[in-house]
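Asks: Can you keep this structure in mind? I'll have questions shortly.
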Amino acid sequence: MQVPLLDLKPQYHALKDAIDAAIERVVASQGFIMGPEVEGLERELAEYLGVPHAVGCASGTDAILLPLRALDPEPGDEVVLPAFTFFATAGAAWNAGFRPVFCDIDPVTFNVTRETLEPVWSDRVRAVIPVHLFGQMAPMAEINALAGERGACVLEDCAQAIGASQEIEPGAAPVRAGASGDFGAFSFFPTKNLGGFGDGGLVTARDPELAGKVAKLRLHGGRQMYQHEMVGTNSRLDALQAAILRVKLPHLDEWARARRENACAYHGGLDEVAEVRLPEVMTGNFHVYNQFTIRVEQRDELREHLAGEGIGSGIYYPVPLHLQECFAGLGGREGMLPETERACREVLSLPIFPELGEDRLRRVIDAVRSFFGYGA
Ligand SMILES: *Cc1c(COP(=O)(O)O)cnc(C)c1O
C-alpha cells in the first residue's frame with residue numbers, strides 16, 4: 001500500500017458533479033475575467049473569515065505583494081518576517097520594494113512571537129508578516145500590540161491557515177486567520193486546504209481605503225478601464241477558479257475536522273516515541289494542519305526509511321531564507337537564527353490530507369515506530 005504525502009483526486013471525485021457543473025456554467029457564459037463568480041467568492045469568504053473586505057487576486061504570492069505595494073514603500077523601508085517560511089513571503093516583500101528583515105521562530109510552534117520579532121526590529125520597519133505556519137496561527141495579541149506600539153502594519157500570511165482561528169483575547173470568541181491583522185494573504189494553490197485547479201489568491205483587509213487600493217492595484221491601478229490612478233499590475237483571480245472554490249468552500253470545515261482527526265491519531269500512535277517531537281498546539285488555537293510536521297534528529301534517515309516503505313513525506317523547509325543565495329546581500333550568516341536553522345535540519349511533514357483513512361494512517365504510524373525500534 002503506497003501512502004502519498006498528498007492525493008488531491010479523492011476530493012475532486014467526491015465533488016465532481018458540482019465542480020464540473022460550475023466549470024460548465026462559466027464556460028457557457030464565456031465570462032472568464034472578474035464578474036459574478038469572483039464577486040460571489042469574495043463575499044462568501046469575507047463572511048466565512050469574518051472580515052469586512054476580501055479581494056481576489058492571482059496567487060498567494062500576489063496576496064502578499066499587493067497590500068505591501070499599497071503601503072507605498074520608500075527605499076530602505078523594512079518588512080520583518082520569519083526566515084522559516086515558504087520563499088514567497090520574502091520574495092513578495094522584496095518585489096513590493098521592501099528590504100526583508102528575517103527573524104527567528106519559536107521552536108515549539110515554528111511561528112514568530114513578540115520575543116523573536118523584537119531583536120531585529122529597527123525604526124525603518126513599516127510592516128510585519130506573521131506566517132501562520134503549517135495551519136496554526138502565530139500569537140496575534142502580542143504581535144498586534146508590538147506593531148501598534150511601533151506604528152507598523154500587520155500582514156498575516158494565511159496561505160497555510162485558512163479556517164484556523166485563535167482566542168486572541170482569553171475567553172473571547174475565536175477570530176479566524178486573516179481577521180485580526182491589517183491584512184490577510186490567502187493562497188488557493190492546489191495543495192492548500194482550500195485549493196483551486198491552478199493558481200489563485202485573496203487579500204483580506206480591515207480598512208476600506210486600503211482594501212480599495214489593493215482592488216485597484218490588481219487591475220492595473222484603476223477600477224475603471226483606461227483610468228489609472230496608480231501603476232498596478234494584472235493580478236486577477238480567474239472566474240473559473242472562483243467558481244470551483246465556491247463549490248469547495250462549504251466543505252472546508254469538514255476537511256479541517258478530518259485533518260485534525262488524523263493529527264489526533266498520530267499523537268495517539270507516536271506519543272511514546274521519545275525520538276519524535278510532535279506538533280504542539282498553543283492554548284486558544286484551532287490548528288487546521290495544512291502540514292503535520294514532526295521534528296526528529298535523524299530526519300533524513302527516517303525519510304529514507306519511509307520512502308522505502310512507499311510512504312511520502314516532505315521537508316518544509318530545508319534552507320532558511322536568510323541563507324538563500326539571492327538574499328546574500330542582506331548580510332545573513334549561519335548561526336544568526338539558531339531555531340530556524342535547527343528546524344530546517346529536523347522537520348519532516350507526514351501525510352495528513354483529509355481522505356488519508358485509517359489504514360494508511362496506521363501504516364505511517366507503524367513505519368515511524370519501527371524505524372525507532374518500537375513495536376506495532
Ligand atoms: C503557498 C504559500 C505562499 C504563496 O502562495 P502561492 O499561491 O503559491 O503564490 C505564501 N506563503 C506561504 C507560507 C505559503 O505556504
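If you're wondering about the labels, chains in the C-alpha cells are A, B, ... by order shown, residues count from 1 in each chain, ligands from 1 in order shown.
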Need the shell around Ala179 (chain A): protein/DNA/RNA residues with any atom at most 10 Å away, counting only C-alpha atoms. Skip same-chain ones fewer than 5 positions apart. Format as a PyMOL selection string?
Replies: chain A and resi 46+49-53+156+165+184+204-206
Asks: Take the residues that were just selected and, keeping C-alpha atoms, output them as a PDB file, in the first residue's frame.
Replies:
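File produced: out-v8.pdb:
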```
ATOM      1  CA  ALA A  46     -15.400  37.704   3.712  1.00  0.00           C
ATOM      2  CA  LEU A  49     -13.442  34.668   7.625  1.00  0.00           C
ATOM      3  CA  GLY A  50     -15.231  37.438   9.488  1.00  0.00           C
ATOM      4  CA  VAL A  51     -13.574  40.314   7.631  1.00  0.00           C
ATOM      5  CA  PRO A  52     -15.105  43.448   6.119  1.00  0.00           C
ATOM      6  CA  HIS A  53     -13.198  43.281   2.805  1.00  0.00           C
ATOM      7  CA  GLU A 156      -0.957  37.840   8.204  1.00  0.00           C
ATOM      8  CA  SER A 165      -8.676  30.526  14.478  1.00  0.00           C
ATOM      9  CA  GLY A 184      -4.529  38.718   5.461  1.00  0.00           C
ATOM     10  CA  THR A 204      -8.436  40.442   3.295  1.00  0.00           C
ATOM     11  CA  ALA A 205      -8.316  43.957   4.700  1.00  0.00           C
ATOM     12  CA  ARG A 206      -9.772  45.819   7.641  1.00  0.00           C
TER      13      ARG A 206
END
```
Asks: Mind checking which residues fall within 12 Å of Ile294 (chain A), counting only C-alpha atoms, ignoring those fewer than 2 positions away in the same chain, and posting them as a PyMOL selection string?
Replies: chain A and resi 107-110+134+263+266-267+270-271+273-280+289+291-292+296-299+302-303+313-316+343-352+368
Asks: Using only C-alpha atoms and all ligand atoms, which residues of the polymer chains come no farther than 9 Å from ligand 1? I'd like the answer as a CSV table (one decimal) with all heavy atoms, in the first residue's frame.
Replies:
```csv
chain,number,residue,atom,x,y,z
A,58,ALA,N,-4.3,36.9,-8.2
A,58,ALA,CA,-3.8,35.8,-9.0
A,58,ALA,C,-3.1,34.7,-8.2
A,58,ALA,O,-3.0,33.5,-8.7
A,58,ALA,CB,-2.9,36.3,-10.1
A,59,SER,N,-2.6,35.0,-7.0
A,59,SER,CA,-1.9,33.9,-6.3
A,59,SER,C,-1.7,34.4,-4.8
A,59,SER,O,-1.9,35.5,-4.5
A,59,SER,CB,-0.5,33.7,-6.9
A,59,SER,OG,0.3,34.9,-6.7
A,60,GLY,N,-1.2,33.4,-4.0
A,60,GLY,CA,-0.9,33.8,-2.6
A,60,GLY,C,0.3,34.7,-2.6
A,60,GLY,O,0.3,35.6,-1.7
A,61,THR,N,1.2,34.6,-3.5
A,61,THR,CA,2.3,35.5,-3.6
A,61,THR,C,1.9,36.9,-3.8
A,61,THR,O,2.3,37.8,-3.1
A,61,THR,CB,3.3,35.0,-4.7
A,61,THR,OG1,3.7,33.7,-4.5
A,61,THR,CG2,4.5,35.9,-4.8
A,62,ASP,N,1.0,37.1,-4.8
A,62,ASP,CA,0.4,38.4,-5.0
A,62,ASP,C,-0.4,38.9,-3.9
A,62,ASP,O,-0.5,40.2,-3.7
A,62,ASP,CB,-0.4,38.4,-6.3
A,62,ASP,CG,0.5,38.5,-7.6
A,62,ASP,OD1,1.7,38.6,-7.4
A,62,ASP,OD2,-0.1,38.6,-8.7
A,63,ALA,N,-1.0,38.0,-3.1
A,63,ALA,CA,-1.8,38.5,-2.0
A,63,ALA,C,-0.9,39.1,-0.9
A,63,ALA,O,-1.4,39.8,0.0
A,63,ALA,CB,-2.6,37.3,-1.4
A,64,ILE,N,0.4,38.7,-0.9
A,64,ILE,CA,1.3,39.4,0.0
A,64,ILE,C,1.8,40.7,-0.7
A,64,ILE,O,2.0,41.7,0.0
A,64,ILE,CB,2.5,38.4,0.3
A,64,ILE,CG1,1.9,37.2,1.0
A,64,ILE,CG2,3.5,39.1,1.2
A,64,ILE,CD1,3.0,36.0,1.1
A,85,THR,N,9.9,30.0,6.4
A,85,THR,CA,8.6,30.1,5.7
A,85,THR,C,8.9,29.8,4.3
A,85,THR,O,10.0,29.6,3.9
A,85,THR,CB,8.0,31.5,5.9
A,85,THR,OG1,6.8,31.5,5.1
A,85,THR,CG2,8.9,32.6,5.4
A,86,PHE,N,7.8,29.7,3.5
A,86,PHE,CA,8.0,29.5,2.1
A,86,PHE,C,8.6,30.7,1.5
A,86,PHE,O,8.3,31.8,2.0
A,86,PHE,CB,6.6,29.2,1.4
A,86,PHE,CG,6.7,29.0,-0.1
A,86,PHE,CD1,7.5,28.0,-0.6
A,86,PHE,CD2,5.9,29.7,-0.9
A,86,PHE,CE1,7.6,27.9,-2.0
A,86,PHE,CE2,5.9,29.6,-2.3
A,86,PHE,CZ,6.8,28.6,-2.8
A,87,PHE,N,9.4,30.6,0.4
A,87,PHE,CA,10.1,31.7,-0.2
A,87,PHE,C,9.2,32.9,-0.5
A,87,PHE,O,9.6,34.0,-0.4
A,87,PHE,CB,10.9,31.2,-1.4
A,87,PHE,CG,11.6,32.3,-2.1
A,87,PHE,CD1,12.9,32.7,-1.5
A,87,PHE,CD2,11.1,33.0,-3.2
A,87,PHE,CE1,13.6,33.7,-2.1
A,87,PHE,CE2,11.9,34.1,-3.7
A,87,PHE,CZ,13.1,34.4,-3.2
A,88,ALA,N,8.0,32.6,-0.9
A,88,ALA,CA,7.1,33.7,-1.4
A,88,ALA,C,6.9,34.8,-0.4
A,88,ALA,O,6.8,36.0,-0.8
A,88,ALA,CB,5.7,33.1,-1.8
A,89,THR,N,6.9,34.5,0.8
A,89,THR,CA,6.7,35.6,1.9
A,89,THR,C,7.8,36.6,1.7
A,89,THR,O,7.5,37.8,1.7
A,89,THR,CB,6.8,35.0,3.3
A,89,THR,OG1,6.1,33.7,3.3
A,89,THR,CG2,6.2,35.9,4.3
A,90,ALA,N,9.0,36.2,1.6
A,90,ALA,CA,10.1,37.1,1.4
A,90,ALA,C,10.2,37.7,0.0
A,90,ALA,O,10.5,38.9,-0.2
A,90,ALA,CB,11.4,36.5,1.8
A,92,ALA,N,7.9,38.3,-2.1
A,92,ALA,CA,6.9,39.3,-2.3
A,92,ALA,C,7.2,40.6,-1.7
A,92,ALA,O,7.0,41.7,-2.2
A,92,ALA,CB,5.5,38.8,-1.8
A,131,VAL,N,3.6,34.6,9.8
A,131,VAL,CA,3.2,33.5,8.9
A,131,VAL,C,2.5,32.5,9.8
A,131,VAL,O,3.2,32.0,10.8
A,131,VAL,CB,4.4,32.9,8.2
A,131,VAL,CG1,3.9,31.7,7.3
A,131,VAL,CG2,5.1,34.0,7.3
A,132,HIS,N,1.3,32.1,9.5
A,132,HIS,CA,0.6,31.1,10.3
A,132,HIS,C,1.0,29.7,9.8
A,132,HIS,O,0.3,29.1,9.0
A,132,HIS,CB,-0.9,31.3,10.3
A,132,HIS,CG,-1.3,32.6,10.8
A,132,HIS,ND1,-0.8,33.3,11.9
A,132,HIS,CD2,-2.3,33.5,10.3
A,132,HIS,CE1,-1.4,34.4,12.0
A,132,HIS,NE2,-2.3,34.6,11.1
A,133,LEU,N,2.2,29.3,10.2
A,133,LEU,CA,2.9,28.2,9.5
A,133,LEU,C,2.2,26.8,9.8
A,133,LEU,O,1.8,26.5,11.0
A,133,LEU,CB,4.4,28.1,9.9
A,133,LEU,CG,5.2,27.4,8.8
A,133,LEU,CD1,5.3,28.2,7.5
A,133,LEU,CD2,6.6,27.1,9.4
A,134,PHE,N,2.0,26.0,8.8
A,134,PHE,CA,1.5,24.7,8.8
A,134,PHE,C,0.0,24.6,9.2
A,134,PHE,O,-0.5,23.5,9.4
A,134,PHE,CB,2.3,23.8,9.8
A,134,PHE,CG,3.8,23.7,9.4
A,134,PHE,CD1,4.8,23.7,10.4
A,134,PHE,CD2,4.2,23.7,8.1
A,134,PHE,CE1,6.1,23.6,10.1
A,134,PHE,CE2,5.6,23.6,7.8
A,134,PHE,CZ,6.5,23.6,8.8
A,157,ASP,N,0.2,36.2,6.9
A,157,ASP,CA,0.4,35.2,5.8
A,157,ASP,C,-0.4,34.0,6.2
A,157,ASP,O,0.0,33.1,7.0
A,157,ASP,CB,1.9,34.9,5.6
A,157,ASP,CG,2.0,33.9,4.4
A,157,ASP,OD1,1.1,33.2,4.0
A,157,ASP,OD2,3.2,33.8,3.8
A,158,CYS,N,-1.6,33.9,5.6
A,158,CYS,CA,-2.6,32.8,5.9
A,158,CYS,C,-2.6,31.7,4.9
A,158,CYS,O,-3.6,30.9,4.8
A,158,CYS,CB,-4.0,33.4,6.1
A,158,CYS,SG,-4.1,34.8,7.1
A,159,ALA,N,-1.6,31.7,4.0
A,159,ALA,CA,-1.6,30.7,2.9
A,159,ALA,C,-1.8,29.3,3.4
A,159,ALA,O,-2.5,28.5,2.7
A,159,ALA,CB,-0.3,30.8,2.1
A,160,GLN,N,-1.3,28.9,4.6
A,160,GLN,CA,-1.5,27.6,5.1
A,160,GLN,C,-2.5,27.5,6.2
A,160,GLN,O,-2.7,26.4,6.8
A,160,GLN,CB,-0.1,27.1,5.6
A,160,GLN,CG,1.0,27.1,4.6
A,160,GLN,CD,2.3,26.6,5.1
A,160,GLN,OE1,2.4,26.1,6.2
A,160,GLN,NE2,3.4,26.8,4.3
A,161,ALA,N,-3.3,28.5,6.4
A,161,ALA,CA,-4.1,28.6,7.6
A,161,ALA,C,-5.5,29.0,7.4
A,161,ALA,O,-6.2,29.5,8.3
A,161,ALA,CB,-3.4,29.4,8.7
A,185,ALA,N,-3.3,37.4,3.8
A,185,ALA,CA,-3.0,36.9,2.5
A,185,ALA,C,-3.3,35.4,2.4
A,185,ALA,O,-2.8,34.7,3.2
A,185,ALA,CB,-1.5,37.2,2.2
A,186,PHE,N,-4.1,35.0,1.4
A,186,PHE,CA,-4.5,33.6,1.3
A,186,PHE,C,-4.1,33.1,-0.1
A,186,PHE,O,-4.0,33.9,-1.0
A,186,PHE,CB,-6.0,33.5,1.4
A,186,PHE,CG,-6.5,33.8,2.8
A,186,PHE,CD1,-6.8,35.1,3.2
A,186,PHE,CD2,-6.7,32.8,3.8
A,186,PHE,CE1,-7.2,35.4,4.5
A,186,PHE,CE2,-7.2,33.1,5.0
A,186,PHE,CZ,-7.4,34.4,5.4
A,187,SER,N,-3.9,31.8,-0.1
A,187,SER,CA,-3.5,31.1,-1.4
A,187,SER,C,-4.5,30.0,-1.7
A,187,SER,O,-4.9,29.3,-0.8
A,187,SER,CB,-2.1,30.6,-1.2
A,187,SER,OG,-1.8,29.7,-2.3
A,188,PHE,N,-4.8,29.9,-2.9
A,188,PHE,CA,-5.6,28.7,-3.4
A,188,PHE,C,-4.8,27.8,-4.2
A,188,PHE,O,-5.4,27.0,-5.0
A,188,PHE,CB,-6.9,29.2,-4.1
A,188,PHE,CG,-7.7,30.2,-3.4
A,188,PHE,CD1,-7.9,31.5,-3.9
A,188,PHE,CD2,-8.1,30.0,-2.1
A,188,PHE,CE1,-8.7,32.4,-3.2
A,188,PHE,CE2,-8.9,30.9,-1.4
A,188,PHE,CZ,-9.1,32.1,-1.9
A,189,PHE,N,-3.5,27.8,-4.1
A,189,PHE,CA,-2.6,26.8,-4.7
A,189,PHE,C,-3.2,25.4,-4.4
A,189,PHE,O,-3.7,25.2,-3.3
A,189,PHE,CB,-1.2,27.0,-4.1
A,189,PHE,CG,-0.2,26.1,-4.8
A,189,PHE,CD1,0.3,26.5,-6.1
A,189,PHE,CD2,0.3,25.0,-4.2
A,189,PHE,CE1,1.3,25.7,-6.7
A,189,PHE,CE2,1.2,24.2,-4.9
A,189,PHE,CZ,1.7,24.5,-6.1
A,190,PRO,N,-3.2,24.5,-5.3
A,190,PRO,CA,-3.9,23.2,-5.1
A,190,PRO,C,-3.6,22.5,-3.8
A,190,PRO,O,-4.4,21.7,-3.3
A,190,PRO,CB,-3.5,22.4,-6.4
A,190,PRO,CG,-3.2,23.4,-7.4
A,190,PRO,CD,-2.6,24.6,-6.7
A,191,THR,N,-2.4,22.6,-3.3
A,191,THR,CA,-2.0,21.8,-2.1
A,191,THR,C,-2.5,22.5,-0.8
A,191,THR,O,-2.3,22.0,0.3
A,191,THR,CB,-0.5,21.6,-2.0
A,191,THR,OG1,0.1,22.9,-1.8
A,191,THR,CG2,0.0,21.0,-3.2
A,192,LYS,N,-3.0,23.7,-0.9
A,192,LYS,CA,-3.5,24.4,0.4
A,192,LYS,C,-4.8,23.8,0.8
A,192,LYS,O,-5.5,23.1,0.0
A,192,LYS,CB,-3.6,25.9,0.1
A,192,LYS,CG,-2.5,26.5,-0.6
A,192,LYS,CD,-1.2,26.6,0.3
A,192,LYS,CE,-0.1,27.3,-0.5
A,192,LYS,NZ,1.1,27.5,0.2
A,198,GLY,N,-5.4,25.4,-10.0
A,198,GLY,CA,-4.3,26.2,-10.6
A,198,GLY,C,-4.0,27.2,-9.5
A,198,GLY,O,-4.2,27.0,-8.3
A,199,ASP,N,-3.5,28.4,-10.0
A,199,ASP,CA,-3.1,29.4,-9.0
A,199,ASP,C,-4.3,30.3,-8.7
A,199,ASP,O,-5.2,30.5,-9.5
A,199,ASP,CB,-2.0,30.3,-9.6
A,199,ASP,CG,-0.6,29.6,-9.5
A,199,ASP,OD1,-0.3,29.2,-8.3
A,199,ASP,OD2,0.0,29.4,-10.5
A,200,GLY,N,-4.3,30.9,-7.5
A,200,GLY,CA,-5.3,31.9,-7.1
A,200,GLY,C,-4.9,32.4,-5.7
A,200,GLY,O,-4.2,31.7,-5.0
A,201,GLY,N,-5.5,33.6,-5.3
A,201,GLY,CA,-5.2,34.1,-4.0
A,201,GLY,C,-6.3,35.1,-3.6
A,201,GLY,O,-7.2,35.4,-4.4
A,290,ASN,N,-2.5,22.2,7.7
A,290,ASN,CA,-2.1,22.1,6.3
A,290,ASN,C,-0.9,21.1,6.1
A,290,ASN,O,-0.8,20.3,5.2
A,290,ASN,CB,-1.7,23.4,5.7
A,290,ASN,CG,-1.3,23.4,4.2
A,290,ASN,OD1,-0.1,23.7,3.9
A,290,ASN,ND2,-2.2,22.9,3.4
```
Asks: Find the residue from A:Ile311, A:Val319, A:Cys326, A:Leu249 that sits nearest to Ile365 (chain A); use only C-alpha atoms when measuring.
Replies: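 Among the listed residues, A:Ile311 lies closest to Ile365 (chain A).
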Asks: Please determine, counting only C-alpha atoms, which residue among A:Glu24, A:Val247, A:Ala70, A:Gln166 has the shortest atom-to-atom distance to Gly221 (chain A).
Replies: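 Of the candidates, the smallest distance to Gly221 (chain A) is held by A:Ala70.
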Asks: Near Glu142 (chain A), within 9 Å and counting only C-alpha atoms, which residues show up once chain neighbours fewer than 3 positions away are dropped, as a VMD selection string?
Replies: chain A and resid 113 to 114 139 145 to 147
Asks: Would you write out those residues with all heavy atoms, as a short mmCIF file (atom, residue, chain, number, x, y, z; two decimals), in the first residue's frame?
Replies:
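Result file is result_15.cif:
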```
data_model
loop_
_atom_site.label_atom_id
_atom_site.label_comp_id
_atom_site.auth_asym_id
_atom_site.auth_seq_id
_atom_site.Cartn_x
_atom_site.Cartn_y
_atom_site.Cartn_z
N THR A 113 6.99 35.27 17.37
CA THR A 113 6.37 35.78 18.58
C THR A 113 6.95 37.17 18.82
O THR A 113 7.91 37.58 18.16
CB THR A 113 6.72 34.91 19.82
OG1 THR A 113 8.14 34.98 20.02
CG2 THR A 113 6.31 33.47 19.63
N ARG A 114 6.40 37.87 19.77
CA ARG A 114 6.95 39.17 20.13
C ARG A 114 8.44 39.05 20.45
O ARG A 114 9.26 39.87 20.05
CB ARG A 114 6.19 39.74 21.34
CG ARG A 114 6.70 41.09 21.73
CD ARG A 114 5.89 41.71 22.87
NE ARG A 114 6.43 43.05 23.08
CZ ARG A 114 5.72 44.16 23.02
NH1 ARG A 114 4.42 44.12 22.82
NH2 ARG A 114 6.29 45.33 23.18
N PRO A 139 0.85 34.05 17.65
CA PRO A 139 0.12 34.74 18.74
C PRO A 139 -0.18 36.20 18.37
O PRO A 139 0.68 37.06 18.46
CB PRO A 139 1.08 34.65 19.92
CG PRO A 139 2.44 34.46 19.32
CD PRO A 139 2.24 33.73 18.03
N ALA A 145 -0.01 44.06 19.25
CA ALA A 145 0.37 45.07 20.24
C ALA A 145 1.72 45.68 19.89
O ALA A 145 1.89 46.91 19.89
CB ALA A 145 0.41 44.45 21.65
N LEU A 146 2.69 44.83 19.56
CA LEU A 146 4.03 45.32 19.20
C LEU A 146 3.95 46.24 17.97
O LEU A 146 4.52 47.34 17.97
CB LEU A 146 4.95 44.12 18.91
CG LEU A 146 6.35 44.42 18.39
CD1 LEU A 146 7.17 45.18 19.43
CD2 LEU A 146 7.08 43.12 18.00
N ALA A 147 3.23 45.78 16.95
CA ALA A 147 3.12 46.59 15.72
C ALA A 147 2.42 47.91 16.02
O ALA A 147 2.79 48.96 15.50
CB ALA A 147 2.36 45.81 14.64
#
```
Asks: With distances taken over only C-alpha atoms, which of A:Leu194, A:Val128, A:Met34, A:Ala141 is nearest to Val55 (chain A)?
Replies: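 Closest candidate: A:Met34.
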Asks: Which distance in Å separates CA of Val112 (chain A) and CA of Ala138 (chain A), to one decimal?
Replies: 6.2 Å
Asks: I need the helix (DSSP H, G or I) residues of region 89-163 of chain A per DSSP on the backbone, written as a VMD selection string.
Replies: chain A and resid 89 to 95 114 to 120 133 to 135 140 to 150
Asks: Go through A:Glu355, A:Glu115, A:Asp72, A:Asp300 one by one, measure the shortest atom-to-atom distance of each to Met230 (chain A) using only C-alpha atoms, and give the residue with the smallest value.
Replies: A:Asp72
Asks: As an exercise, work out the distance from CA of Ala22 (chain A) to CA of Leu356 (chain A) in Å and give it to one decimal place.
Replies: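 Computed distance, CA of Ala22 (chain A) to CA of Leu356 (chain A), equals 26.3 Å.
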Asks: Just to confirm, what's the straight-line distance from CA of Ile244 (chain A) to CA of Leu5 (chain A) in Å (one decimal)?
Replies: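 If I compute the distance from CA of Ile244 (chain A) to CA of Leu5 (chain A), I get 23.2 Å.
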Asks: Skip Arg246 (chain A) itself and residues of its chain fewer than 4 positions away, then list as a short mmCIF file (atom, residue, chain, number, x, y, z; two decimals) with N, CA and C atoms, in the first residue's frame all residues within 12 Å of it, counting only C-alpha atoms.
Replies:
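And here is the file that came out, selection.cif:
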```cif
data_model
loop_
_atom_site.label_atom_id
_atom_site.label_comp_id
_atom_site.auth_asym_id
_atom_site.auth_seq_id
_atom_site.Cartn_x
_atom_site.Cartn_y
_atom_site.Cartn_z
N LEU A 15 -16.66 15.63 -5.29
CA LEU A 15 -17.44 16.82 -5.66
C LEU A 15 -17.54 17.00 -7.18
N ALA A 18 -20.69 18.64 -8.99
CA ALA A 18 -20.90 20.06 -8.68
C ALA A 18 -19.79 20.92 -9.29
N ILE A 19 -18.56 20.43 -9.24
CA ILE A 19 -17.44 21.21 -9.79
C ILE A 19 -17.55 21.28 -11.31
N ALA A 21 -20.18 21.11 -13.06
CA ALA A 21 -21.31 21.99 -13.40
C ALA A 21 -20.90 23.46 -13.27
N ALA A 22 -20.10 23.76 -12.24
CA ALA A 22 -19.65 25.14 -12.04
C ALA A 22 -18.74 25.57 -13.18
N ILE A 23 -17.86 24.68 -13.60
CA ILE A 23 -16.96 25.00 -14.72
C ILE A 23 -17.79 25.23 -15.98
N PRO A 36 -19.43 37.81 -11.72
CA PRO A 36 -20.20 37.34 -10.57
C PRO A 36 -19.55 36.22 -9.76
N GLU A 37 -18.79 35.34 -10.39
CA GLU A 37 -18.17 34.25 -9.62
C GLU A 37 -17.10 34.81 -8.68
N VAL A 38 -16.30 35.74 -9.18
CA VAL A 38 -15.25 36.34 -8.35
C VAL A 38 -15.89 37.15 -7.22
N GLU A 39 -16.88 37.95 -7.55
CA GLU A 39 -17.57 38.74 -6.52
C GLU A 39 -18.25 37.83 -5.50
N GLY A 40 -18.84 36.74 -5.99
CA GLY A 40 -19.51 35.80 -5.09
C GLY A 40 -18.53 35.18 -4.11
N LEU A 41 -17.38 34.76 -4.62
CA LEU A 41 -16.38 34.14 -3.73
C LEU A 41 -15.86 35.17 -2.73
N GLU A 42 -15.61 36.38 -3.19
CA GLU A 42 -15.10 37.42 -2.28
C GLU A 42 -16.11 37.66 -1.13
N ARG A 43 -17.38 37.69 -1.49
CA ARG A 43 -18.43 37.93 -0.49
C ARG A 43 -18.50 36.75 0.49
N GLU A 44 -18.49 35.52 -0.07
CA GLU A 44 -18.63 34.33 0.78
C GLU A 44 -17.42 34.15 1.70
N LEU A 45 -16.24 34.46 1.17
CA LEU A 45 -15.05 34.31 2.01
C LEU A 45 -14.96 35.41 3.07
N TYR A 48 -17.19 34.12 5.72
CA TYR A 48 -16.60 32.95 6.40
C TYR A 48 -15.46 33.37 7.33
N PHE A 188 -4.80 29.88 -2.95
CA PHE A 188 -5.62 28.75 -3.38
C PHE A 188 -4.82 27.78 -4.23
N LEU A 194 -7.78 25.00 1.04
CA LEU A 194 -8.81 25.32 0.06
C LEU A 194 -8.08 25.54 -1.27
N GLY A 195 -8.01 24.49 -2.07
CA GLY A 195 -7.18 24.53 -3.27
C GLY A 195 -8.01 24.62 -4.53
N GLY A 196 -7.56 25.44 -5.46
CA GLY A 196 -8.21 25.55 -6.77
C GLY A 196 -7.60 24.59 -7.76
N ALA A 239 -12.27 33.69 -13.05
CA ALA A 239 -13.66 33.33 -12.74
C ALA A 239 -13.80 31.81 -12.62
N LEU A 240 -13.06 31.06 -13.45
CA LEU A 240 -13.14 29.59 -13.37
C LEU A 240 -12.68 29.10 -11.99
N GLN A 241 -11.57 29.67 -11.51
CA GLN A 241 -11.08 29.27 -10.18
C GLN A 241 -12.09 29.65 -9.11
N ALA A 242 -12.65 30.85 -9.22
CA ALA A 242 -13.61 31.30 -8.21
C ALA A 242 -14.82 30.37 -8.18
N PRO A 250 -17.91 25.36 1.13
CA PRO A 250 -18.79 24.81 2.17
C PRO A 250 -18.25 23.53 2.81
N HIS A 251 -17.24 22.89 2.18
CA HIS A 251 -16.68 21.65 2.74
C HIS A 251 -15.41 21.87 3.54
N LEU A 252 -14.93 23.12 3.57
CA LEU A 252 -13.63 23.40 4.18
C LEU A 252 -13.58 22.95 5.65
#
```
Asks: Residues within 12 Å of Gly269 (chain A), please, as a list of chain:residue names. Count only C-alpha atoms; anything in the same chain fewer than 6 positions from it doesn't count.
Replies: A:Asn262, A:Ala263, A:Val276, A:Leu278, A:Glu358, A:Leu361, A:Arg362, A:Arg363, A:Val364, A:Ile365, A:Asp366, A:Ala367, A:Val368, A:Arg369, A:Ser370, A:Tyr374, A:Gly375, A:Ala376
